[in-house]
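Worksheet: one structure, shown below.
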Amino acid sequence: MSLTVPLSAWSDWTADPIGVLAVAASAGYLVAGWRRRRGDGVPVPRRIAFHLGCLGLFVLSCGPLTHYTTELFWVRALQITVLLYLVPLALASGTPLTAIGAALPAPAALRGIAALRSRPAHLLTHPAVASGMLLAVPWILIFTGWNVAAMRHGALDAVTRLILLMIGGLYFWTRIQADPVPRRWPQGLSLLVTLVESIGDGILGVVVWLGPVLYTGYYAALGFTDADALRTSQTIGAGMLWILADVIGVPFLMILLVALRREDTATQARVDAAQDAAEAAAPVDDAPPAGLWWEQDPRLRDRFRG
């Protein structure tokens with residue numbers, strides 16, 4: 001069993017429904033940019049981030065590594081990590097809802113805002129829900145029969161990859177909060193959630209690294225019976241699930257820190273404005289105080305009082 005992807009495979013590209021979806025999303029984003037209302041454009045760095053996310057999704061779905069996701073555990077782990085973290089982070093950073101809302105007529109945009117304010121949207125985007133799914137799904141996928149079934153059946157595999165992408169997108173959308181969200185949560189909470197999520201990634205990676213070899217029956221049916229090679233592939237995959245996920249979390253952490261600084265600046269500006277308004281509304285008394293100066297000092301008044 002070879003743990004590497006041969007050079008000849010790097011020219012092998014295949015058609016995949018998720019890859020087609022990525023191309024369609026990128027094209028739709030461009031159309032939305034052309035049709036946007038004046039003054040509602042998306043900054044260039046965010047547009048680049050969205051298109052890079054679509055490109056990554058296309059390469060991961062149609063590129064040469066796709067075939068090896070069913071044969072090498074580390075390639076499968078790489079696919080899971082990128083679909084759950086890297087691609088959704090890039091897509092959410094591109095503020096697709098803002099781009100679409102700016103291109104829609106005002107009545108349609110208002111209906112979209114109303115949907116975001118609905119109770120189901122509030123429940124679905126609660127930090128505990130999005131974060132819980134991000135932490136739980138990799139465990140369920142890897143340690144149940146779900147992953148093996150997905151590797152055996154192409155349709156289920158496409159659905160699985162779409163589920164991973166949607167869960168990651170929900171998480172980063174509600175944590176970055178660059179797009180309209182049902183409720184804005186403090187960015188300090190996002191930093192705490194990120195810390196808990198990093199610990200969860202570490203635990204998952206350690207369990208996969210030190211645990212028994214997974215899917216031995218499945219790989220044996222493919223003709224892979226080298227126990228050492230299977231163990232090595234799983235060890236590399238554990239690094240993908242742990243270290244690579246934390247590496248992807250570095251730019252996310254930087255985004256959160258920038259957002260936290262902006263949040264603090266906006267809060268201080270509101271406090272200063274409220275203080276200025278209170279001072280402007282207070283009555284102004286320009287009359288000089290009556291009596292001698294020491295009679296106005298409460299510490300000296302009682303001493304000199306006869």
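Labeling convention for the structure tokens: chains A, B, ... as they appear, residues from 1 per chain, ligands from 1 in order of appearance.
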
Using only C-alpha atoms, what does the table of stretch 99-170 of chain A residues within 9 Å of stretch 63-86 of chain A look like, with each row giving the shortest atom pair and its distance in Å to one decimal, sorted by chain and ascending number, as JSON lines?
```
{"residue": "A:Leu134", "atom": "CA", "partner": "A:Leu84", "partner_atom": "CA", "distance": 7.7}
{"residue": "A:Pro138", "atom": "CA", "partner": "A:Ile80", "partner_atom": "CA", "distance": 7.9}
{"residue": "A:Val148", "atom": "CA", "partner": "A:Thr70", "partner_atom": "CA", "distance": 8.6}
{"residue": "A:Ala150", "atom": "CA", "partner": "A:Thr70", "partner_atom": "CA", "distance": 8.9}
{"residue": "A:Met151", "atom": "CA", "partner": "A:Thr70", "partner_atom": "CA", "distance": 5.3}
{"residue": "A:Arg152", "atom": "CA", "partner": "A:Thr70", "partner_atom": "CA", "distance": 7.6}
{"residue": "A:Arg161", "atom": "CA", "partner": "A:Leu83", "partner_atom": "CA", "distance": 7.0}
{"residue": "A:Leu162", "atom": "CA", "partner": "A:Leu83", "partner_atom": "CA", "distance": 8.5}
{"residue": "A:Ile163", "atom": "CA", "partner": "A:Leu84", "partner_atom": "CA", "distance": 8.9}
{"residue": "A:Leu164", "atom": "CA", "partner": "A:Leu84", "partner_atom": "CA", "distance": 5.2}
{"residue": "A:Leu165", "atom": "CA", "partner": "A:Leu83", "partner_atom": "CA", "distance": 5.3}
{"residue": "A:Met166", "atom": "CA", "partner": "A:Leu84", "partner_atom": "CA", "distance": 8.2}
{"residue": "A:Ile167", "atom": "CA", "partner": "A:Leu84", "partner_atom": "CA", "distance": 7.0}
{"residue": "A:Gly168", "atom": "CA", "partner": "A:Leu84", "partner_atom": "CA", "distance": 4.7}
{"residue": "A:Gly169", "atom": "CA", "partner": "A:Leu84", "partner_atom": "CA", "distance": 7.9}
```

Set the distance at 10 Å and use only C-alpha atoms: which residues neighbour A:Leu214 once local chain neighbours fewer than 5 positions away are removed? I'd like the list as a ChimeraX atom specification.
/A:73,142-143,148,208,219,230-231,234

Selected residues written out, C-alpha atoms, as a short mmCIF file (atom, residue, chain, number, x, y, z; two decimals), in the first residue's frame:
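The resulting file, part21.cif, is shown below:
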```cif
data_model
loop_
_atom_site.label_atom_id
_atom_site.label_comp_id
_atom_site.auth_asym_id
_atom_site.auth_seq_id
_atom_site.Cartn_x
_atom_site.Cartn_y
_atom_site.Cartn_z
CA PHE A 73 -7.15 7.62 5.35
CA ILE A 142 -15.19 8.89 11.73
CA PHE A 143 -16.23 6.52 14.52
CA VAL A 148 -17.24 3.87 5.33
CA VAL A 208 -7.34 8.85 16.07
CA TYR A 219 -9.32 -1.48 3.33
CA LEU A 230 -2.56 1.59 7.49
CA ARG A 231 -1.28 2.79 10.85
CA GLN A 234 -4.04 7.01 10.10
#
```

Of the candidates A:Leu189, A:Leu260, A:Ala149, A:Val181, which shows the shortest atom-to-atom distance to A:Thr98, using only C-alpha atoms?
A:Val181

Considering only C-alpha atoms, can you say which of A:Arg47, A:Pro182, A:Ser61, A:Ile100 comes closest to A:Ser118?
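Counting only C-alpha atoms, the residue closest to A:Ser118 is A:Pro182.
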
Could you give me, as a PyMOL selection string, the residues within 9 Å of A:Phe252, counting only C-alpha atoms and dropping anything in the same chain fewer than 6 positions from it?
chain A and resi 89+172+176+194

Interatomic distance, atom CA of A:Trp13 to atom CA of A:Val59 (Å, one decimal):
8.8 Å

Atom CA of A:Ala130 to atom CA of A:Met240, distance in Å rounded to a single decimal
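Atom-to-atom, atom CA of A:Ala130 to atom CA of A:Met240, that is 21.6 Å.
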
Selected residue of minimal separation from A:Ala32 among A:Ala92, A:Val20, A:Leu97, A:Leu57, counting only C-alpha atoms:
A:Leu97

Between atom CA of A:Ser198 and atom CA of A:Ala245 - distance in Å to one decimal
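We find that atom CA of A:Ala245 and atom CA of A:Ser198 lie 7.9 Å from each other.
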
Helix (DSSP H, G or I) call set, DSSP backbone run, stretch 56-288 of chain A, as an NGL selection string:
:A and (56-62 or 66-70 or 73-93 or 96-103 or 106-116 or 119-124 or 127-143 or 146-152 or 154-176 or 187-210 or 216-221 or 227-281)
